[in-house]
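Everything below belongs to upload_39.cif, which stores mmCIF, C-alpha atoms.
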data_coords
#
loop_
_atom_site.label_atom_id
_atom_site.label_comp_id
_atom_site.auth_asym_id
_atom_site.auth_seq_id
_atom_site.Cartn_x
_atom_site.Cartn_y
_atom_site.Cartn_z
CA MET A 8 -18.11 -3.74 -4.98
CA GLY A 9 -19.27 -1.92 -1.89
CA GLY A 10 -20.84 0.72 -4.15
CA GLU A 11 -17.62 1.33 -6.13
CA THR A 12 -16.58 0.16 -9.60
CA PHE A 13 -13.06 -1.07 -10.33
CA ARG A 14 -11.46 -1.92 -13.68
CA SER A 15 -8.91 -4.41 -12.37
CA ARG A 16 -9.93 -7.78 -10.91
CA LEU A 17 -6.49 -8.28 -9.35
CA LEU A 18 -5.97 -7.10 -5.77
CA VAL A 19 -2.46 -7.09 -4.32
CA GLY A 20 -0.75 -6.86 -0.97
CA THR A 21 2.28 -4.86 0.14
CA GLY A 22 4.21 -7.24 2.39
CA LYS A 23 7.43 -9.25 1.89
CA TYR A 24 9.00 -7.04 -0.78
CA ARG A 25 12.69 -6.10 -0.67
CA ASP A 26 11.87 -2.43 -0.13
CA PHE A 27 9.18 0.16 -0.83
CA ALA A 28 10.61 0.85 -4.30
CA GLN A 29 10.10 -2.77 -5.35
CA THR A 30 6.63 -2.69 -3.80
CA ARG A 31 5.76 0.34 -5.93
CA ASP A 32 7.13 -1.17 -9.15
CA ALA A 33 5.35 -4.51 -8.69
CA ILE A 34 2.02 -2.89 -7.87
CA GLU A 35 2.28 -0.66 -10.91
CA ALA A 36 3.03 -3.66 -13.14
CA SER A 37 0.06 -5.57 -11.70
CA GLY A 38 -2.44 -2.98 -12.85
CA ALA A 39 -4.23 -3.39 -9.51
CA GLN A 40 -6.38 -0.58 -8.15
CA ILE A 41 -6.99 -2.06 -4.69
CA VAL A 42 -3.89 -2.46 -2.51
CA THR A 43 -4.08 -4.14 0.90
CA VAL A 44 -2.08 -2.86 3.84
CA ALA A 45 -1.57 -4.71 7.14
CA ILE A 46 -2.21 -2.00 9.73
CA ARG A 47 -0.29 -3.89 12.43
CA ARG A 48 2.79 -4.42 10.26
CA THR A 49 3.09 -1.49 7.85
CA ASN A 50 3.52 2.17 8.68
CA ILE A 51 0.91 4.39 7.02
CA GLY A 52 1.28 7.24 9.50
CA GLN A 53 1.01 5.61 12.90
CA GLU A 54 4.83 5.72 13.34
CA ALA A 55 5.90 9.35 12.97
CA GLY A 56 9.34 9.84 11.46
CA GLN A 57 9.52 6.31 9.98
CA PRO A 58 9.30 5.37 6.26
CA ASN A 59 5.66 5.60 5.24
CA LEU A 60 4.19 3.29 2.59
CA LEU A 61 1.83 6.05 1.45
CA GLU A 62 4.86 7.99 0.23
CA VAL A 63 5.25 5.46 -2.62
CA ILE A 64 1.67 4.12 -2.92
CA ASP A 65 -0.43 7.21 -3.61
CA PRO A 66 -3.93 6.96 -2.02
CA ARG A 67 -5.20 9.29 -4.75
CA ARG A 68 -4.28 6.68 -7.35
CA TYR A 69 -4.98 3.44 -5.44
CA THR A 70 -7.74 2.33 -3.10
CA ILE A 71 -5.92 1.46 0.11
CA LEU A 72 -7.52 -1.55 1.79
CA PRO A 73 -6.59 -1.78 5.49
CA ASN A 74 -6.50 -5.38 6.70
CA THR A 75 -6.26 -7.13 10.04
CA ALA A 76 -3.39 -9.53 9.29
CA GLY A 77 -1.98 -10.84 12.56
CA CYS A 78 -5.23 -10.54 14.53
CA TYR A 79 -6.49 -13.58 16.44
CA SER A 80 -9.68 -12.26 18.05
CA ALA A 81 -12.72 -10.33 16.94
CA MET A 82 -12.07 -7.34 19.19
CA GLU A 83 -8.41 -7.14 18.18
CA ALA A 84 -9.52 -6.97 14.53
CA VAL A 85 -12.20 -4.38 15.25
CA ARG A 86 -9.74 -2.11 17.10
CA THR A 87 -7.23 -2.43 14.26
CA LEU A 88 -9.72 -1.39 11.58
CA ARG A 89 -11.01 1.51 13.66
CA LEU A 90 -7.39 2.73 13.85
CA GLY A 91 -7.06 2.29 10.08
CA ARG A 92 -10.17 4.37 9.51
CA GLU A 93 -8.67 7.18 11.56
CA LEU A 94 -5.32 7.01 9.74
CA LEU A 95 -7.04 7.08 6.33
CA ASP A 96 -9.42 9.97 7.06
CA GLY A 97 -12.61 7.96 7.46
CA HIS A 98 -11.98 5.33 4.78
CA ASP A 99 -14.44 2.50 5.45
CA LEU A 100 -13.69 -0.21 2.83
CA VAL A 101 -11.66 -2.79 4.76
CA LYS A 102 -10.49 -6.38 4.68
CA LEU A 103 -11.29 -8.46 7.76
CA GLU A 104 -9.29 -11.52 8.67
CA VAL A 105 -9.28 -13.19 12.07
CA LEU A 106 -6.78 -16.03 12.28
CA GLY A 107 -7.16 -19.19 14.31
CA SER A 108 -3.74 -20.82 13.98
CA LYS A 109 -0.24 -19.39 13.82
CA GLU A 110 0.95 -22.50 11.97
CA THR A 111 -1.66 -22.60 9.18
CA LEU A 112 -3.09 -19.04 9.31
CA PHE A 113 -6.49 -20.67 8.81
CA PRO A 114 -9.39 -18.36 9.69
CA ASN A 115 -11.18 -18.52 13.03
CA MET A 116 -14.71 -18.45 11.68
CA PRO A 117 -16.67 -17.87 14.94
CA GLU A 118 -14.49 -14.81 15.69
CA THR A 119 -14.69 -13.70 12.04
CA LEU A 120 -18.49 -13.75 12.14
CA LYS A 121 -18.49 -11.83 15.43
CA ALA A 122 -16.12 -9.16 14.10
CA ALA A 123 -18.08 -8.84 10.84
CA GLU A 124 -21.30 -8.12 12.74
CA ILE A 125 -19.64 -5.38 14.81
CA LEU A 126 -17.89 -3.76 11.85
CA VAL A 127 -20.95 -3.74 9.57
CA ARG A 128 -22.98 -2.21 12.40
CA ASP A 129 -20.18 0.36 12.81
CA GLY A 130 -20.51 1.51 9.20
CA PHE A 131 -17.62 -0.38 7.62
CA ARG A 132 -17.84 -1.97 4.17
CA VAL A 133 -16.32 -5.34 5.00
CA MET A 134 -14.48 -7.64 2.61
CA VAL A 135 -13.92 -10.82 4.57
CA TYR A 136 -11.29 -13.60 4.44
CA CYS A 137 -12.94 -16.90 5.25
CA SER A 138 -12.79 -20.67 4.91
CA ASP A 139 -14.19 -22.25 1.75
CA ASP A 140 -17.32 -23.30 3.64
CA PRO A 141 -20.42 -22.34 1.59
CA VAL A 142 -22.64 -22.17 4.68
CA GLN A 143 -20.41 -19.74 6.55
CA ALA A 144 -19.83 -17.73 3.38
CA ARG A 145 -23.60 -17.27 3.10
CA MET A 146 -23.78 -16.23 6.76
CA LEU A 147 -21.15 -13.53 6.17
CA GLU A 148 -23.10 -12.22 3.19
CA GLU A 149 -26.30 -12.14 5.27
CA ILE A 150 -24.47 -10.10 7.93
CA GLY A 151 -23.79 -7.50 5.24
CA CYS A 152 -20.22 -8.10 4.03
CA VAL A 153 -19.62 -6.54 0.60
CA ALA A 154 -17.26 -9.28 -0.65
CA ILE A 155 -16.59 -12.89 0.34
CA MET A 156 -12.93 -13.95 0.16
CA PRO A 157 -12.48 -17.71 0.58
CA LEU A 158 -9.00 -19.18 0.67
CA ALA A 159 -7.86 -21.32 -2.25
CA SER A 160 -5.22 -22.94 -0.02
CA LEU A 161 -3.22 -21.79 3.01
CA ILE A 162 -1.85 -18.23 3.08
CA GLY A 163 1.59 -18.09 1.49
CA SER A 164 1.55 -21.78 0.51
CA GLY A 165 1.42 -21.29 -3.26
CA MET A 166 -0.55 -24.54 -3.51
CA GLY A 167 -3.19 -23.11 -5.84
CA ILE A 168 -6.89 -24.03 -5.98
CA LEU A 169 -7.25 -27.16 -3.82
CA ASN A 170 -11.05 -27.33 -3.60
CA PRO A 171 -12.68 -25.95 -6.75
CA TRP A 172 -16.01 -27.60 -5.94
CA ASN A 173 -16.53 -25.61 -2.73
CA LEU A 174 -15.53 -22.41 -4.52
CA ARG A 175 -18.11 -23.10 -7.23
CA ILE A 176 -20.85 -23.56 -4.62
CA ILE A 177 -19.90 -20.26 -2.96
CA ILE A 178 -19.83 -18.48 -6.33
CA ASP A 179 -23.16 -19.93 -7.44
CA GLN A 180 -25.00 -18.87 -4.28
CA ALA A 181 -23.35 -15.47 -3.69
CA ARG A 182 -24.96 -12.15 -4.57
CA VAL A 183 -21.81 -10.18 -3.72
CA PRO A 184 -18.36 -10.47 -5.32
CA VAL A 185 -16.35 -13.60 -4.52
CA ILE A 186 -12.59 -13.02 -4.47
CA VAL A 187 -10.09 -15.83 -3.99
CA ASP A 188 -7.77 -14.86 -1.17
CA ALA A 189 -4.65 -16.89 -0.29
CA GLY A 190 -2.87 -19.82 -1.88
CA VAL A 191 -2.28 -18.60 -5.42
CA GLY A 192 1.26 -19.47 -6.53
CA THR A 193 1.51 -18.57 -10.18
CA ALA A 194 -0.42 -17.07 -13.08
CA SER A 195 -2.16 -20.32 -14.01
CA ASP A 196 -3.67 -20.50 -10.50
CA ALA A 197 -5.09 -17.02 -10.96
CA ALA A 198 -6.49 -17.98 -14.36
CA ILE A 199 -8.16 -21.10 -12.91
CA ALA A 200 -9.81 -19.04 -10.16
CA MET A 201 -11.22 -16.66 -12.75
CA GLU A 202 -12.32 -19.50 -15.05
CA LEU A 203 -14.35 -20.90 -12.13
CA GLY A 204 -16.27 -17.62 -12.07
CA CYS A 205 -14.56 -15.74 -9.25
CA ASP A 206 -14.92 -11.96 -9.46
CA GLY A 207 -11.30 -11.34 -8.55
CA VAL A 208 -8.12 -12.66 -6.96
CA LEU A 209 -6.10 -11.21 -4.09
CA MET A 210 -2.45 -12.14 -3.66
CA ASN A 211 0.80 -11.02 -2.07
CA THR A 212 3.39 -13.76 -1.55
CA ALA A 213 3.02 -15.17 -5.08
CA ILE A 214 4.31 -11.87 -6.43
CA ALA A 215 6.62 -10.68 -3.65
CA ALA A 216 8.40 -14.05 -3.26
CA ALA A 217 8.92 -14.61 -7.00
CA GLY A 218 12.42 -14.42 -8.46
CA ASP A 219 11.35 -11.31 -10.37
CA PRO A 220 8.37 -9.78 -8.55
CA VAL A 221 7.74 -7.09 -11.16
CA ARG A 222 7.58 -9.60 -14.02
CA MET A 223 5.39 -11.93 -11.93
CA ALA A 224 3.02 -9.04 -11.18
CA LEU A 225 2.60 -8.56 -14.92
CA ALA A 226 2.04 -12.31 -15.39
CA MET A 227 -0.64 -12.29 -12.69
CA ARG A 228 -2.37 -9.36 -14.37
CA GLN A 229 -2.42 -11.27 -17.65
CA GLY A 230 -3.53 -14.51 -15.96
CA VAL A 231 -6.50 -12.81 -14.32
CA GLU A 232 -7.51 -11.15 -17.58
CA ALA A 233 -7.17 -14.40 -19.55
CA GLY A 234 -9.17 -16.38 -16.99
CA ARG A 235 -11.96 -13.83 -16.96
CA ASN A 236 -12.18 -13.79 -20.76
CA ALA A 237 -12.24 -17.61 -20.83
CA PHE A 238 -15.07 -17.64 -18.27
CA LEU A 239 -17.10 -15.14 -20.29
CA ALA A 240 -16.42 -16.99 -23.55
CA GLY A 241 -17.57 -20.35 -22.14
CA ARG A 242 -15.27 -23.33 -22.58
CA MET A 243 -16.00 -26.17 -24.98
CA PRO A 244 -17.65 -29.28 -23.48
CA ARG A 245 -15.35 -31.96 -22.14
CA ARG A 246 -15.58 -35.19 -24.15
CA GLU A 247 -14.15 -38.20 -22.34
CA TYR A 248 -12.82 -40.92 -24.64
CA GLN A 249 -14.09 -39.07 -27.72
CA ALA A 250 -12.07 -36.99 -30.16
CA SER A 251 -13.48 -34.30 -32.43
CA PRO A 252 -11.41 -33.45 -35.54
CA SER A 253 -10.70 -29.78 -36.11
CA SER A 254 -11.10 -30.17 -39.89
CA PRO A 255 -14.26 -31.42 -41.65
CA ALA A 256 -14.46 -35.22 -41.89
CA GLU A 257 -16.60 -35.17 -45.01
CA GLY A 258 -15.81 -34.16 -48.58
CA LEU A 259 -12.14 -35.03 -48.34
CA LEU A 260 -10.09 -34.43 -51.50
CA GLY A 261 -9.23 -37.59 -53.46
#

Here is the file; what I need is its structure written in the form of structure tokens.
Amino acid sequence: MGGETFRSRLLVGTGKYRDFAQTRDAIEASGAQIVTVAIRRTNIGQEAGQPNLLEVIDPRRYTILPNTAGCYSAMEAVRTLRLGRELLDGHDLVKLEVLGSKETLFPNMPETLKAAEILVRDGFRVMVYCSDDPVQARMLEEIGCVAIMPLASLIGSGMGILNPWNLRIIIDQARVPVIVDAGVGTASDAAIAMELGCDGVLMNTAIAAAGDPVRMALAMRQGVEAGRNAFLAGRMPRREYQASPSSPAEGLLG
């Protein structure tokens, strides 16, 4: 993705945890290599003398993915990611999200497209949060985004995959990785996303808001791995109103 190879197909966020220690433990249990950081909400060096996330999440071990959570315009998002690039010594792999509603956190797609054009032209490798609209997903790919990240359902809702048909269209037409972003609530949701053929899953609240975030991080890791293996294996055909015995029906004893 974006010229780099990653072993883990699970990407995780860093918000909503009890403290940085819990953040560290959950991320370690998840097996994730890419860790998203909201530049406007998390200190990674812009607040001197304050607790710094990079003291517990080592950039030499993890790929830090700056994101534009909390941005509601293209230029606000562009400025935020330019700041992130400075703070991370020129790091250019970023996650773009431009929100359109404070109530639903649904993406503002016109502003997202505008920001993506500017950032790609500026040398960023852009992973982009978007609606599950196949046409706009294709437009983002044509702009030059390195990964398309459609929502499964609203951010933080835990509602799971609400429109698998749109996701399948996006997956089938994409030539870059497709990563479900937002809406996953539990490990079975992650497995379903991977069984559909997604290249990865990004989540934060589903882990951080669980009763035991560290154990849930492990469950999500296993769910992603199981879903990917099921996709590669190819499921059996569905047979409506028709059973198929597991044991041979011929040559029965007696």

Pick the closest to Arg31 in chain A from A:Val133, A:Ile177, A:Ala224, A:Ala200: which is it, counting all atoms listed in the file?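 Looking only at the distances to Arg31 in chain A, the closest residue turns out to be A:Ala224.
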
Which residues come within 7 Å of Arg235 in chain A, counting only C-alpha atoms, excluding same-chain residues fewer than 4 positions away, as a PDB file with C-alpha atoms, keeping the file's coordinate frame?
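Done, and the output landed in out_3.pdb:
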ATOM      1  CA  MET A 201     -11.220 -16.660 -12.750  1.00  0.00           C
ATOM      2  CA  GLU A 202     -12.320 -19.500 -15.050  1.00  0.00           C
ATOM      3  CA  VAL A 231      -6.500 -12.810 -14.320  1.00  0.00           C
ATOM      4  CA  LEU A 239     -17.100 -15.140 -20.290  1.00  0.00           C
TER       5      LEU A 239
END

Query raised in the report: Nearest to Gln229 in chain A among A:Leu103, A:Ile71, A:Ala197, A:Ile34, with distances taken over only C-alpha atoms: which residue is it?
Result: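 The answer is A:Ala197, which sits nearest to Gln229 in chain A.
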
- Task: Output the residue selection produced by the PyMOL selection byres ((chain A and resi 191-195) around 8) on the file above, formatted as a list of chain:residue names.
- Result: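 Output from the PyMOL selection byres ((chain A and resi 191-195) around 8), applied to this file: A:Ala159, A:Ser160, A:Gly163, A:Ser164, A:Gly165, A:Met166, A:Gly167, A:Ile168, A:Asp188, A:Ala189, A:Gly190, A:Asp196, A:Ala197, A:Ala198, A:Ile199, A:Met210, A:Thr212, A:Ala213, A:Met223, A:Ala226, A:Met227, A:Gln229, A:Gly230, A:Val231.
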
*Kindly resolve the PyMOL selection byres ((chain A and resi 39) around 7) on the present coordinates and return the residues as JSON, numbers by chain.*
{"A": [15, 17, 18, 19, 34, 37, 38, 40, 41]}

* Asked: Near Asp139 in chain A, within 10 Å and counting only C-alpha atoms, which residues show up once chain neighbours fewer than 5 positions away are dropped, as a list in words?
  ->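 So, after excluding close chain neighbours, the residues are Ala144, Ile155, Met156, Pro157, Leu158, Ala159, Ser160, Asn170, Pro171, Trp172, Asn173, Leu174, Arg175, Ile176, Ile177 and Val187 of chain A.
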
Mind working out the centre and edge lengths of an axis-aligned box for range 151-159 of chain A, all listed atoms inside, 4 Å added to each side, rounded to one decimal in Å and written as lines of an AutoDock Vina configuration file?
center_x = -15.8
center_y = -13.9
center_z = 1.5
size_x = 23.9
size_y = 22.8
size_z = 15.5

_What would the selection look like, as a list of chain:residue names, if the PyMOL selection byres ((chain A and resi 115) around 10) were run on the coordinates I just shared?_
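This file gives the following for the PyMOL selection byres ((chain A and resi 115) around 10): A:Tyr79, A:Ser80, A:Ala81, A:Glu104, A:Val105, A:Leu106, A:Gly107, A:Ser108, A:Leu112, A:Phe113, A:Pro114, A:Met116, A:Pro117, A:Glu118, A:Thr119, A:Leu120, A:Tyr136, A:Cys137, A:Ser138.
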
Check: Between A:Gly77, A:Gly130, A:Pro66, A:Gly56, which has the minimum distance to Gly9 in chain A (counting all atoms listed in the file)?
Finding: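 Of A:Gly77, A:Gly130, A:Pro66, A:Gly56, the one nearest Gly9 in chain A is A:Gly130, counting all atoms listed in the file.
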
Note to self: Measuring between all atoms listed in the file, which one of A:Cys205, A:Cys152, A:Met134, A:Leu88 shows the shortest distance to Phe238 in chain A?
What the structure shows: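 Of A:Cys205, A:Cys152, A:Met134, A:Leu88, the one nearest Phe238 in chain A, counting all atoms listed in the file, is A:Cys205.
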